[in-house]
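One file, structure.pdb, carrying PDB, C-alpha atoms:
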ATOM      1  CA  MET A  11      79.977 109.951  95.922
ATOM      2  CA  GLY A  12      80.573 110.312  99.665
ATOM      3  CA  ALA A  13      83.745 109.495 101.570
ATOM      4  CA  VAL A  14      85.249 106.072 100.839
ATOM      5  CA  ILE A  15      87.722 105.043 103.540
ATOM      6  CA  ALA A  16      89.751 101.828 103.564
ATOM      7  CA  LEU A  17      90.716 100.596 107.030
ATOM      8  CA  THR A  18      93.902  98.701 106.510
ATOM      9  CA  ASN A  19      96.984  97.270 108.152
ATOM     10  CA  GLN A  20      99.122  94.518 106.667
ATOM     11  CA  LYS A  21      99.761  93.124 110.153
ATOM     12  CA  GLY A  22      97.079  90.909 111.619
ATOM     13  CA  GLY A  23      95.860  91.130 115.203
ATOM     14  CA  VAL A  24      95.736  94.939 115.348
ATOM     15  CA  GLY A  25      91.996  95.189 116.060
ATOM     16  CA  LYS A  26      91.151  96.428 112.572
ATOM     17  CA  THR A  27      87.794  94.688 112.192
ATOM     18  CA  THR A  28      86.697  95.616 115.718
ATOM     19  CA  LEU A  29      87.590  99.208 114.882
ATOM     20  CA  ALA A  30      85.742  99.140 111.549
ATOM     21  CA  VAL A  31      82.568  97.627 112.991
ATOM     22  CA  ASN A  32      82.352  99.825 116.083
ATOM     23  CA  GLN A  33      83.252 103.014 114.251
ATOM     24  CA  ALA A  34      80.580 102.231 111.662
ATOM     25  CA  ALA A  35      78.031 101.493 114.376
ATOM     26  CA  CYS A  36      78.608 104.922 115.938
ATOM     27  CA  LEU A  37      78.035 106.865 112.721
ATOM     28  CA  PRO A  38      74.199 106.786 112.874
ATOM     29  CA  ASP A  39      74.318 108.099 116.457
ATOM     30  CA  LEU A  40      76.043 111.276 115.251
ATOM     31  CA  ARG A  41      73.166 112.189 112.964
ATOM     32  CA  LYS A  42      69.962 110.962 114.528
ATOM     33  CA  ASN A  43      66.679 112.089 112.996
ATOM     34  CA  THR A  44      68.299 112.515 109.584
ATOM     35  CA  ASP A  45      68.114 110.440 106.420
ATOM     36  CA  ARG A  46      71.891 110.150 106.050
ATOM     37  CA  ARG A  47      73.097 106.607 105.391
ATOM     38  CA  ASP A  48      76.449 104.889 105.822
ATOM     39  CA  LEU A  49      77.886 101.646 104.462
ATOM     40  CA  LEU A  50      80.353  99.071 105.776
ATOM     41  CA  ILE A  51      81.984  96.831 103.156
ATOM     42  CA  ASP A  52      83.581  93.608 104.393
ATOM     43  CA  THR A  53      86.343  92.486 102.010
ATOM     44  CA  ASP A  54      88.014  90.052 104.414
ATOM     45  CA  ILE A  55      87.397  86.369 103.667
ATOM     46  CA  GLN A  56      87.184  85.710 107.420
ATOM     47  CA  ALA A  57      83.897  87.687 107.319
ATOM     48  CA  ASN A  58      84.256  88.755 110.952
ATOM     49  CA  ALA A  59      82.786  92.202 110.350
ATOM     50  CA  THR A  60      79.769  90.566 108.743
ATOM     51  CA  PHE A  61      79.379  88.219 111.707
ATOM     52  CA  LEU A  62      79.556  91.042 114.254
ATOM     53  CA  ILE A  63      77.176  93.524 112.669
ATOM     54  CA  SER A  64      74.522  91.325 111.082
ATOM     55  CA  LYS A  65      72.486  88.396 112.348
ATOM     56  CA  GLU A  66      71.528  87.328 108.814
ATOM     57  CA  THR A  67      72.884  84.342 106.919
ATOM     58  CA  PHE A  68      73.863  85.324 103.378
ATOM     59  CA  GLY A  69      74.091  83.192 100.284
ATOM     60  CA  TYR A  70      77.315  83.672  98.343
ATOM     61  CA  ARG A  71      75.591  85.595  95.547
ATOM     62  CA  ASP A  72      74.395  88.123  98.128
ATOM     63  CA  THR A  73      77.934  88.856  99.373
ATOM     64  CA  ILE A  74      80.824  90.864  97.979
ATOM     65  CA  GLY A  75      82.111  87.628  96.467
ATOM     66  CA  ALA A  76      79.511  88.057  93.705
ATOM     67  CA  LEU A  77      81.416  91.113  92.466
ATOM     68  CA  PHE A  78      84.433  88.981  91.667
ATOM     69  CA  GLN A  79      82.807  86.139  89.781
ATOM     70  CA  GLU A  80      83.592  85.571  86.127
ATOM     71  CA  THR A  81      80.895  87.834  84.686
ATOM     72  CA  ILE A  82      80.777  91.461  85.802
ATOM     73  CA  LEU A  83      77.432  92.149  87.493
ATOM     74  CA  GLU A  84      75.062  94.434  85.637
ATOM     75  CA  SER A  85      73.935  95.690  89.038
ATOM     76  CA  GLY A  86      75.295  95.050  92.527
ATOM     77  CA  ARG A  87      72.565  96.869  94.385
ATOM     78  CA  HIS A  88      71.268  93.598  95.855
ATOM     79  CA  LEU A  89      74.557  93.184  97.750
ATOM     80  CA  VAL A  90      73.641  96.048 100.117
ATOM     81  CA  HIS A  91      71.867  94.767 103.225
ATOM     82  CA  GLY A  92      70.416  96.476 106.273
ATOM     83  CA  THR A  93      71.740  96.008 109.806
ATOM     84  CA  GLU A  94      70.202  96.385 113.241
ATOM     85  CA  ARG A  95      71.663  99.900 113.363
ATOM     86  CA  GLU A  96      69.310 102.351 111.675
ATOM     87  CA  ASN A  97      70.744 103.860 108.473
ATOM     88  CA  LEU A  98      73.809 101.615 108.606
ATOM     89  CA  PHE A  99      74.138  99.069 105.806
ATOM     90  CA  ILE A 100      76.617  96.312 105.004
ATOM     91  CA  VAL A 101      78.010  94.517 101.991
ATOM     92  CA  PRO A 102      78.828  91.176 103.629
ATOM     93  CA  SER A 103      81.753  88.886 102.975
ATOM     94  CA  SER A 104      81.995  85.103 102.780
ATOM     95  CA  PRO A 105      84.727  82.550 103.575
ATOM     96  CA  LEU A 106      83.988  81.075 100.139
ATOM     97  CA  MET A 107      85.883  84.025  98.653
ATOM     98  CA  ALA A 108      89.083  82.128  99.471
ATOM     99  CA  ALA A 109      88.437  79.832  96.509
ATOM    100  CA  GLU A 110      87.370  82.746  94.301
ATOM    101  CA  GLU A 111      90.654  84.533  94.929
ATOM    102  CA  GLN A 112      92.601  81.927  92.981
ATOM    103  CA  ARG A 113      90.563  82.548  89.817
ATOM    104  CA  ILE A 114      90.263  86.349  89.896
ATOM    105  CA  PRO A 115      93.649  87.130  88.248
ATOM    106  CA  PHE A 116      92.307  85.752  84.964
ATOM    107  CA  ARG A 117      89.130  87.840  84.928
ATOM    108  CA  GLU A 118      88.207  91.020  83.145
ATOM    109  CA  ARG A 119      88.758  94.318  85.030
ATOM    110  CA  ARG A 120      89.757  92.352  88.107
ATOM    111  CA  GLY A 121      91.136  95.398  89.941
ATOM    112  CA  GLU A 122      88.088  97.565  89.261
ATOM    113  CA  ARG A 123      85.234  95.420  90.500
ATOM    114  CA  LEU A 124      84.732  97.328  93.766
ATOM    115  CA  SER A 125      85.161 100.702  92.050
ATOM    116  CA  LEU A 126      82.474  99.795  89.517
ATOM    117  CA  PHE A 127      80.134  98.772  92.326
ATOM    118  CA  LEU A 128      80.660 102.031  94.210
ATOM    119  CA  LYS A 129      80.025 104.052  91.068
ATOM    120  CA  GLU A 130      76.566 102.502  91.103
ATOM    121  CA  VAL A 131      75.658 102.814  94.792
ATOM    122  CA  GLY A 132      78.212 105.212  96.328
ATOM    123  CA  ASP A 133      76.059 108.323  95.979
ATOM    124  CA  GLU A 134      73.499 106.783  98.332
ATOM    125  CA  PHE A 135      75.875 106.918 101.320
ATOM    126  CA  ASP A 136      77.707 109.645 103.203
ATOM    127  CA  ILE A 137      80.533 107.446 104.470
ATOM    128  CA  VAL A 138      81.683 104.091 103.120
ATOM    129  CA  LEU A 139      84.070 102.161 105.372
ATOM    130  CA  ILE A 140      85.947  99.233 103.829
ATOM    131  CA  ASP A 141      87.285  96.583 106.202
ATOM    132  CA  CYS A 142      90.360  95.200 104.410
ATOM    133  CA  PRO A 143      92.044  91.855 105.097
ATOM    134  CA  PRO A 144      95.537  91.839 106.647
ATOM    135  CA  ALA A 145      97.265  91.054 103.366
ATOM    136  CA  LEU A 146      98.085  92.569 100.009
ATOM    137  CA  ASN A 147      95.727  90.560  97.829
ATOM    138  CA  ILE A 148      93.249  91.339  95.066
ATOM    139  CA  PHE A 149      90.567  92.362  97.587
ATOM    140  CA  VAL A 150      92.878  94.896  99.251
ATOM    141  CA  LEU A 151      93.960  96.261  95.874
ATOM    142  CA  ASN A 152      90.312  96.670  94.861
ATOM    143  CA  SER A 153      89.753  98.553  98.114
ATOM    144  CA  PHE A 154      92.726 100.859  97.510
ATOM    145  CA  PHE A 155      91.652 101.551  93.925
ATOM    146  CA  ALA A 156      88.096 102.377  95.085
ATOM    147  CA  ALA A 157      88.938 104.432  98.191
ATOM    148  CA  ASP A 158      89.736 108.116  98.461
ATOM    149  CA  SER A 159      91.641 107.665 101.738
ATOM    150  CA  ILE A 160      93.095 105.090 104.102
ATOM    151  CA  LEU A 161      92.796 104.911 107.872
ATOM    152  CA  VAL A 162      95.350 102.771 109.695
ATOM    153  CA  PRO A 163      94.626 101.165 113.085
ATOM    154  CA  MET A 164      97.933 100.842 114.897
ATOM    155  CA  PRO A 165      98.494  99.290 118.306
ATOM    156  CA  PRO A 166     101.422 100.825 120.176
ATOM    157  CA  GLU A 167     103.837  98.009 119.337
ATOM    158  CA  GLU A 168     107.177  98.094 117.546
ATOM    159  CA  LEU A 169     106.161  95.524 114.922
ATOM    160  CA  ALA A 170     103.049  97.513 114.050
ATOM    161  CA  VAL A 171     105.152 100.628 113.474
ATOM    162  CA  GLN A 172     107.468  98.685 111.161
ATOM    163  CA  GLY A 173     104.482  97.276 109.287
ATOM    164  CA  PHE A 174     103.172 100.795 108.745
ATOM    165  CA  GLU A 175     106.319 101.718 106.812
ATOM    166  CA  GLN A 176     105.769  98.757 104.499
ATOM    167  CA  LEU A 177     102.115  99.683 104.044
ATOM    168  CA  MET A 178     102.944 103.247 103.024
ATOM    169  CA  GLY A 179     105.363 101.926 100.417
ATOM    170  CA  GLN A 180     102.605  99.798  98.936
ATOM    171  CA  ILE A 181     100.196 102.728  98.927
ATOM    172  CA  ALA A 182     102.750 104.840  97.071
ATOM    173  CA  ALA A 183     102.727 102.166  94.353
ATOM    174  CA  VAL A 184      98.900 102.110  94.285
ATOM    175  CA  ARG A 185      98.848 105.854  93.622
ATOM    176  CA  ALA A 186     100.110 105.120  90.114
ATOM    177  CA  VAL A 187      96.564 103.829  89.486
ATOM    178  CA  ASN A 188      94.629 105.871  92.051
ATOM    179  CA  PRO A 189      96.531 109.178  92.417
ATOM    180  CA  ASP A 190      93.805 110.621  94.656
ATOM    181  CA  LEU A 191      94.307 108.032  97.414
ATOM    182  CA  ALA A 192      95.096 110.040 100.559
ATOM    183  CA  PHE A 193      96.424 109.130 103.987
ATOM    184  CA  LEU A 194      93.612 110.069 106.370
ATOM    185  CA  GLY A 195      95.446 109.142 109.543
ATOM    186  CA  VAL A 196      96.141 106.550 112.217
ATOM    187  CA  VAL A 197      94.155 105.349 115.196
ATOM    188  CA  ILE A 198      96.155 104.254 118.219
ATOM    189  CA  ASN A 199      94.335 101.031 118.994
ATOM    190  CA  MET A 200      94.327  98.464 121.821
ATOM    191  CA  PHE A 201      96.148 100.857 124.137
ATOM    192  CA  THR A 202      96.993  99.959 127.754
ATOM    193  CA  GLU A 203      98.193 102.907 129.829
ATOM    194  CA  ARG A 204      99.902 100.891 132.538
ATOM    195  CA  ILE A 205     102.338  99.325 130.030
ATOM    196  CA  LEU A 206     105.247 101.751 129.867
ATOM    197  CA  VAL A 207     106.458 100.826 126.390
ATOM    198  CA  GLN A 208     102.979 101.417 124.974
ATOM    199  CA  SER A 209     102.915 104.912 126.462
ATOM    200  CA  GLU A 210     106.330 105.576 124.930
ATOM    201  CA  ILE A 211     105.218 104.381 121.491
ATOM    202  CA  ARG A 212     102.015 106.405 121.814
ATOM    203  CA  SER A 213     104.126 109.525 122.409
ATOM    204  CA  PHE A 214     106.278 108.631 119.408
ATOM    205  CA  LEU A 215     103.229 108.185 117.163
ATOM    206  CA  GLU A 216     101.688 111.462 118.319
ATOM    207  CA  GLU A 217     104.974 113.236 117.628
ATOM    208  CA  GLN A 218     105.316 111.603 114.192
ATOM    209  CA  PHE A 219     101.750 112.081 112.982
ATOM    210  CA  GLY A 220     100.533 115.122 114.902
ATOM    211  CA  ASP A 221      96.913 115.884 114.043
ATOM    212  CA  ARG A 222      96.777 112.786 111.822
ATOM    213  CA  VAL A 223      96.311 110.741 114.990
ATOM    214  CA  LEU A 224      92.525 110.680 114.737
ATOM    215  CA  GLY A 225      91.720 108.668 117.821
ATOM    216  CA  LEU A 226      92.831 106.611 120.796
ATOM    217  CA  ILE A 227      91.057 103.355 121.648
ATOM    218  CA  HIS A 228      91.900 101.632 124.941
ATOM    219  CA  ARG A 229      91.997  97.869 125.262
ATOM    220  CA  SER A 230      88.770  96.898 127.005
ATOM    221  CA  ILE A 231      87.036  93.779 128.240
ATOM    222  CA  ILE A 232      83.780  95.379 127.086
ATOM    223  CA  LEU A 233      84.914  95.076 123.474
ATOM    224  CA  GLN A 234      85.610  91.389 123.964
ATOM    225  CA  GLU A 235      82.222  90.883 125.603
ATOM    226  CA  ALA A 236      80.447  92.731 122.789
ATOM    227  CA  SER A 237      82.193  90.603 120.168
ATOM    228  CA  ALA A 238      81.349  87.424 122.060
ATOM    229  CA  SER A 239      77.717  88.576 122.083
ATOM    230  CA  ARG A 240      77.901  89.183 118.330
ATOM    231  CA  THR A 241      77.066  92.853 118.648
ATOM    232  CA  THR A 242      78.684  96.284 118.689
ATOM    233  CA  VAL A 243      79.721  98.331 121.685
ATOM    234  CA  ALA A 244      77.097 100.910 120.657
ATOM    235  CA  ASP A 245      74.399  98.347 121.421
ATOM    236  CA  TYR A 246      76.161  96.413 124.173
ATOM    237  CA  ALA A 247      77.490  99.242 126.349
ATOM    238  CA  PRO A 248      76.416 102.691 125.091
ATOM    239  CA  ASN A 249      77.468 104.335 128.376
ATOM    240  CA  SER A 250      80.991 102.911 128.398
ATOM    241  CA  ARG A 251      84.324 104.619 127.775
ATOM    242  CA  ALA A 252      84.809 102.294 124.804
ATOM    243  CA  TYR A 253      81.650 103.599 123.148
ATOM    244  CA  GLU A 254      82.652 107.223 123.773
ATOM    245  CA  GLU A 255      86.079 106.608 122.206
ATOM    246  CA  TYR A 256      84.557 105.092 119.069
ATOM    247  CA  ARG A 257      81.978 107.840 118.900
ATOM    248  CA  ARG A 258      84.693 110.510 119.081
ATOM    249  CA  LEU A 259      86.606 108.710 116.337
ATOM    250  CA  ALA A 260      83.509 108.521 114.128
ATOM    251  CA  GLN A 261      82.857 112.205 114.752
ATOM    252  CA  ARG A 262      86.444 113.132 113.881
ATOM    253  CA  VAL A 263      86.379 111.107 110.652
ATOM    254  CA  ALA A 264      83.029 112.611 109.626
ATOM    255  CA  SER A 265      84.317 116.118 110.354
ATOM    256  CA  GLU A 266      87.354 115.496 108.137
ATOM    257  CA  TYR A 267      84.873 115.282 105.251
ATOM    258  CA  GLY A 268      82.645 118.126 106.421
ATOM    259  CA  LEU A 269      79.853 115.730 107.314
ATOM    260  CA  MET A 270      79.101 116.973 110.827
TER     261      MET A 270
END

Mind turning this structure into structure tokens?
Amino acid sequence: MGAVIALTNQKGGVGKTTLAVNQAACLPDLRKNTDRRDLLIDTDIQANATFLISKETFGYRDTIGALFQETILESGRHLVHGTERENLFIVPSSPLMAAEEQRIPFRERRGERLSLFLKEVGDEFDIVLIDCPPALNIFVLNSFFAADSILVPMPPEELAVQGFEQLMGQIAAVRAVNPDLAFLGVVINMFTERILVQSEIRSFLEEQFGDRVLGLIHRSIILQEASASRTTVADYAPNSRAYEEYRRLAQRVASEYGLM
């Protein structure tokens, strides 16, 4: 199986989904003219990653929600769908998962559903990125149990730093079940240079994490425009600074796994 990376932050509004989608969209550009494939898994019931990277409309049984229904799927291969980015695929989410969540605690192997799915299809992809919801629910736990590392988007804000400490405590508990779960690093996200306190927190994060700061993403109107157009920055503005920052991040993550 290739790299399985959970993008997670318990605090909402940190740009996690935007990061997941645009990082994923840059991966095929790193390895053009190859047959390497990558996968984005949307586990957030808001389904924003699905909305941004795919123009298709999915029935519930064709989304990740099907993994969590009462009967364990014999095969989940039909949940993998193509996107407009060559060699990038998605397992979409659905808002209907909100109702499913209430019933999952009573189901067989409820914490292993995503792991079982990746055992079936994981070998087909170099990098699997999991967009986690901003919560500690059964979908996040499935992501942590299935992943080999976590990547944390962190805006340079005091509350985000405090939330990181809570997240690491939860991950320490998860390692009782998945001892191989590693901390890949942080991405300083939604950064504005002209705000002094953000520059100070950036310096603090770089001092704290050293080479585990894998990237810096500036706040940009281009990202908002791309999202409003229901597309990625790789398609919307491939000559922009925003695209170059996501591309560098994708390259750094791939190199961490020897995939460059």

Using all atoms listed in the file, determine which residues lie at most 6 Å from range 25-32 of chain A, disregarding the query and same-chain residues fewer than 4 positions distant; provide the list as a PyMOL selection string.
chain A and resi 59+163+242

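The space separating CA of Pro189 in chain A from CA of Leu161 in chain A comes to 16.5 Å.
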
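Excluding Phe201 in chain A itself and any same-chain residue fewer than 5 positions from it, the protein and nucleic acid residues within 8 Å of it, counting only C-alpha atoms, are A:Pro165, A:Pro166, A:Gln208, A:Leu226, A:Ile227, A:His228, A:Arg229.
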
CA of Ser213 in chain A sits from CA of Ala182 in chain A at a separation of 25.8 Å

Run the PyMOL selection byres ((chain A and resi 195) around 7) on the file and write out the hits as number ranges by chain.
A: 161-162, 193-194, 196-197, 222-224

Given the choices A:Glu110, A:Ile205, A:Phe214, A:Gln20, which gets closest to Glu175 in chain A if the distance is worked out from only C-alpha atoms?
A:Gln20

Could you tell me, as a PDB file with C-alpha atoms, keeping the file's coordinate frame, exactly which residues end up selected when the PyMOL selection byres ((chain A and resi 37-47) around 12) is applied to this structure?
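Okay, result-v6.pdb is ready:
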ATOM      1  CA  GLY A  12      80.573 110.312  99.665  1.00  0.00           C
ATOM      2  CA  ALA A  13      83.745 109.495 101.570  1.00  0.00           C
ATOM      3  CA  ALA A  30      85.742  99.140 111.549  1.00  0.00           C
ATOM      4  CA  VAL A  31      82.568  97.627 112.991  1.00  0.00           C
ATOM      5  CA  ASN A  32      82.352  99.825 116.083  1.00  0.00           C
ATOM      6  CA  GLN A  33      83.252 103.014 114.251  1.00  0.00           C
ATOM      7  CA  ALA A  34      80.580 102.231 111.662  1.00  0.00           C
ATOM      8  CA  ALA A  35      78.031 101.493 114.376  1.00  0.00           C
ATOM      9  CA  CYS A  36      78.608 104.922 115.938  1.00  0.00           C
ATOM     10  CA  ASP A  48      76.449 104.889 105.822  1.00  0.00           C
ATOM     11  CA  LEU A  49      77.886 101.646 104.462  1.00  0.00           C
ATOM     12  CA  LEU A  50      80.353  99.071 105.776  1.00  0.00           C
ATOM     13  CA  VAL A  90      73.641  96.048 100.117  1.00  0.00           C
ATOM     14  CA  GLY A  92      70.416  96.476 106.273  1.00  0.00           C
ATOM     15  CA  THR A  93      71.740  96.008 109.806  1.00  0.00           C
ATOM     16  CA  GLU A  94      70.202  96.385 113.241  1.00  0.00           C
ATOM     17  CA  ARG A  95      71.663  99.900 113.363  1.00  0.00           C
ATOM     18  CA  GLU A  96      69.310 102.351 111.675  1.00  0.00           C
ATOM     19  CA  ASN A  97      70.744 103.860 108.473  1.00  0.00           C
ATOM     20  CA  LEU A  98      73.809 101.615 108.606  1.00  0.00           C
ATOM     21  CA  PHE A  99      74.138  99.069 105.806  1.00  0.00           C
ATOM     22  CA  ILE A 100      76.617  96.312 105.004  1.00  0.00           C
ATOM     23  CA  VAL A 131      75.658 102.814  94.792  1.00  0.00           C
ATOM     24  CA  GLY A 132      78.212 105.212  96.328  1.00  0.00           C
ATOM     25  CA  ASP A 133      76.059 108.323  95.979  1.00  0.00           C
ATOM     26  CA  GLU A 134      73.499 106.783  98.332  1.00  0.00           C
ATOM     27  CA  PHE A 135      75.875 106.918 101.320  1.00  0.00           C
ATOM     28  CA  ASP A 136      77.707 109.645 103.203  1.00  0.00           C
ATOM     29  CA  ILE A 137      80.533 107.446 104.470  1.00  0.00           C
ATOM     30  CA  VAL A 138      81.683 104.091 103.120  1.00  0.00           C
ATOM     31  CA  LEU A 139      84.070 102.161 105.372  1.00  0.00           C
ATOM     32  CA  ALA A 244      77.097 100.910 120.657  1.00  0.00           C
ATOM     33  CA  ASP A 245      74.399  98.347 121.421  1.00  0.00           C
ATOM     34  CA  PRO A 248      76.416 102.691 125.091  1.00  0.00           C
ATOM     35  CA  TYR A 253      81.650 103.599 123.148  1.00  0.00           C
ATOM     36  CA  GLU A 254      82.652 107.223 123.773  1.00  0.00           C
ATOM     37  CA  TYR A 256      84.557 105.092 119.069  1.00  0.00           C
ATOM     38  CA  ARG A 257      81.978 107.840 118.900  1.00  0.00           C
ATOM     39  CA  ARG A 258      84.693 110.510 119.081  1.00  0.00           C
ATOM     40  CA  LEU A 259      86.606 108.710 116.337  1.00  0.00           C
ATOM     41  CA  ALA A 260      83.509 108.521 114.128  1.00  0.00           C
ATOM     42  CA  GLN A 261      82.857 112.205 114.752  1.00  0.00           C
ATOM     43  CA  ARG A 262      86.444 113.132 113.881  1.00  0.00           C
ATOM     44  CA  VAL A 263      86.379 111.107 110.652  1.00  0.00           C
ATOM     45  CA  ALA A 264      83.029 112.611 109.626  1.00  0.00           C
ATOM     46  CA  SER A 265      84.317 116.118 110.354  1.00  0.00           C
ATOM     47  CA  LEU A 269      79.853 115.730 107.314  1.00  0.00           C
ATOM     48  CA  MET A 270      79.101 116.973 110.827  1.00  0.00           C
TER      49      MET A 270
END

Contacts between range 147-150 of chain A and range 16-100 of chain A, please, where a residue of range 16-100 of chain A counts if it comes within 9 Å (with all atoms listed in the file); show its shortest atom pair and distance in Å to one decimal, rows by chain and ascending number, as JSON lines.
{"residue": "A:Ala16", "atom": "CA", "partner": "A:Val150", "partner_atom": "CA", "distance": 8.7}
{"residue": "A:Thr18", "atom": "CA", "partner": "A:Val150", "partner_atom": "CA", "distance": 8.3}
{"residue": "A:Thr53", "atom": "CA", "partner": "A:Phe149", "partner_atom": "CA", "distance": 6.1}
{"residue": "A:Asp54", "atom": "CA", "partner": "A:Phe149", "partner_atom": "CA", "distance": 7.6}

Selected by the PyMOL selection byres ((chain A and resi 230) around 10) in the shown coordinates: which residues, as a PyMOL selection string?
chain A and resi 200-202+227-229+231-235+250-252

So that all listed atoms of range 252-262 of chain A fit with 4 Å spare on each side, what axis-aligned box centre and edge lengths in Å, to one decimal, would you give as lines of an AutoDock Vina configuration file?
center_x = 84.1
center_y = 107.7
center_z = 119.3
size_x = 13.0
size_y = 18.8
size_z = 18.9

Tell me which protein, DNA and RNA residues are within 8 Å of Gly173 in chain A, counting only C-alpha atoms, leaving out same-chain ones fewer than 2 positions away, and put them as number ranges by chain.
A: 19-21, 169-171, 175-177

May I have the residues from that selection written out with C-alpha atoms, as a JSON list (two decimals), in the coordinates of the input?
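As a result, out25.json now contains:
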[["chain", "number", "residue", "atom", "x", "y", "z"],
["A", 19, "ASN", "CA", 96.98, 97.27, 108.15],
["A", 20, "GLN", "CA", 99.12, 94.52, 106.67],
["A", 21, "LYS", "CA", 99.76, 93.12, 110.15],
["A", 169, "LEU", "CA", 106.16, 95.52, 114.92],
["A", 170, "ALA", "CA", 103.05, 97.51, 114.05],
["A", 171, "VAL", "CA", 105.15, 100.63, 113.47],
["A", 175, "GLU", "CA", 106.32, 101.72, 106.81],
["A", 176, "GLN", "CA", 105.77, 98.76, 104.50],
["A", 177, "LEU", "CA", 102.12, 99.68, 104.04]]

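Taking all atoms listed in the file into account, Ala183 in chain A lies nearest to A:Phe154 out of the set A:Phe154, A:Asn199, A:Thr81, A:Pro102.
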
Residue among A:Arg117, A:Glu168, A:Ser64, A:Leu128 lying closest to Ile211 in chain A, counting all atoms listed in the file
A:Glu168

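Residue neighbourhood of Thr73 in chain A, excluding near-sequence residues (fewer than 5 positions): Phe68, Leu89, Val101, Pro102, Ser103 and Ser104 of chain A, at 7 Å, using only C-alpha atoms.
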
Using C-alpha atoms, can you export the residues from the last selection as a CSV table (one decimal), keeping the file's coordinate frame?
chain,number,residue,atom,x,y,z
A,68,PHE,CA,73.9,85.3,103.4
A,89,LEU,CA,74.6,93.2,97.8
A,101,VAL,CA,78.0,94.5,102.0
A,102,PRO,CA,78.8,91.2,103.6
A,103,SER,CA,81.8,88.9,103.0
A,104,SER,CA,82.0,85.1,102.8

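Straight-line separation from CA of Asn58 in chain A to CA of Ala108 in chain A: 14.1 Å.
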
Selected residue of minimal separation from Gln112 in chain A among A:Tyr246, A:Ala192, A:Arg185, A:Gln79, counting only C-alpha atoms
A:Gln79

Pull out range 61-75 of chain A, keep N, CA and C atoms, and write it as an mmCIF file, in the first residue's frame.
data_model
loop_
_atom_site.group_PDB
_atom_site.id
_atom_site.type_symbol
_atom_site.label_atom_id
_atom_site.label_comp_id
_atom_site.auth_asym_id
_atom_site.auth_seq_id
_atom_site.Cartn_x
_atom_site.Cartn_y
_atom_site.Cartn_z
ATOM 1 N N PHE A 61 -17.487 18.316 -3.560
ATOM 2 C CA PHE A 61 -18.087 19.380 -4.368
ATOM 3 C C PHE A 61 -17.031 20.109 -5.190
ATOM 4 N N LEU A 62 -15.847 20.320 -4.600
ATOM 5 C CA LEU A 62 -14.825 21.126 -5.263
ATOM 6 C C LEU A 62 -14.090 20.369 -6.368
ATOM 7 N N ILE A 63 -13.955 19.059 -6.218
ATOM 8 C CA ILE A 63 -13.068 18.343 -7.135
ATOM 9 C C ILE A 63 -13.810 17.473 -8.146
ATOM 10 N N SER A 64 -15.129 17.385 -8.005
ATOM 11 C CA SER A 64 -15.891 16.557 -8.933
ATOM 12 C C SER A 64 -17.192 17.247 -9.315
ATOM 13 N N LYS A 65 -17.527 17.177 -10.575
ATOM 14 C CA LYS A 65 -18.778 17.762 -11.065
ATOM 15 C C LYS A 65 -19.921 16.742 -11.048
ATOM 16 N N GLU A 66 -19.619 15.513 -10.675
ATOM 17 C CA GLU A 66 -20.642 14.455 -10.694
ATOM 18 C C GLU A 66 -21.589 14.582 -9.499
ATOM 19 N N THR A 67 -22.767 13.993 -9.667
ATOM 20 C CA THR A 67 -23.714 13.828 -8.570
ATOM 21 C C THR A 67 -23.734 12.351 -8.206
ATOM 22 N N PHE A 68 -23.470 12.038 -6.940
ATOM 23 C CA PHE A 68 -23.313 10.649 -6.522
ATOM 24 C C PHE A 68 -24.496 10.187 -5.691
ATOM 25 N N GLY A 69 -24.995 8.999 -5.993
ATOM 26 C CA GLY A 69 -25.953 8.367 -5.111
ATOM 27 C C GLY A 69 -25.258 7.913 -3.837
ATOM 28 N N TYR A 70 -26.017 7.782 -2.762
ATOM 29 C CA TYR A 70 -25.404 7.483 -1.463
ATOM 30 C C TYR A 70 -24.588 6.195 -1.507
ATOM 31 N N ARG A 71 -25.045 5.210 -2.224
ATOM 32 C CA ARG A 71 -24.333 3.921 -2.271
ATOM 33 C C ARG A 71 -23.031 3.998 -3.066
ATOM 34 N N ASP A 72 -22.802 5.133 -3.721
ATOM 35 C CA ASP A 72 -21.547 5.335 -4.445
ATOM 36 C C ASP A 72 -20.602 6.258 -3.683
ATOM 37 N N THR A 73 -20.918 6.563 -2.423
ATOM 38 C CA THR A 73 -20.085 7.424 -1.596
ATOM 39 C C THR A 73 -19.480 6.609 -0.448
ATOM 40 N N ILE A 74 -18.625 7.259 0.319
ATOM 41 C CA ILE A 74 -17.995 6.584 1.446
ATOM 42 C C ILE A 74 -19.018 6.143 2.492
ATOM 43 N N GLY A 75 -20.193 6.756 2.470
ATOM 44 C CA GLY A 75 -21.245 6.347 3.393
ATOM 45 C C GLY A 75 -21.593 4.875 3.278
#
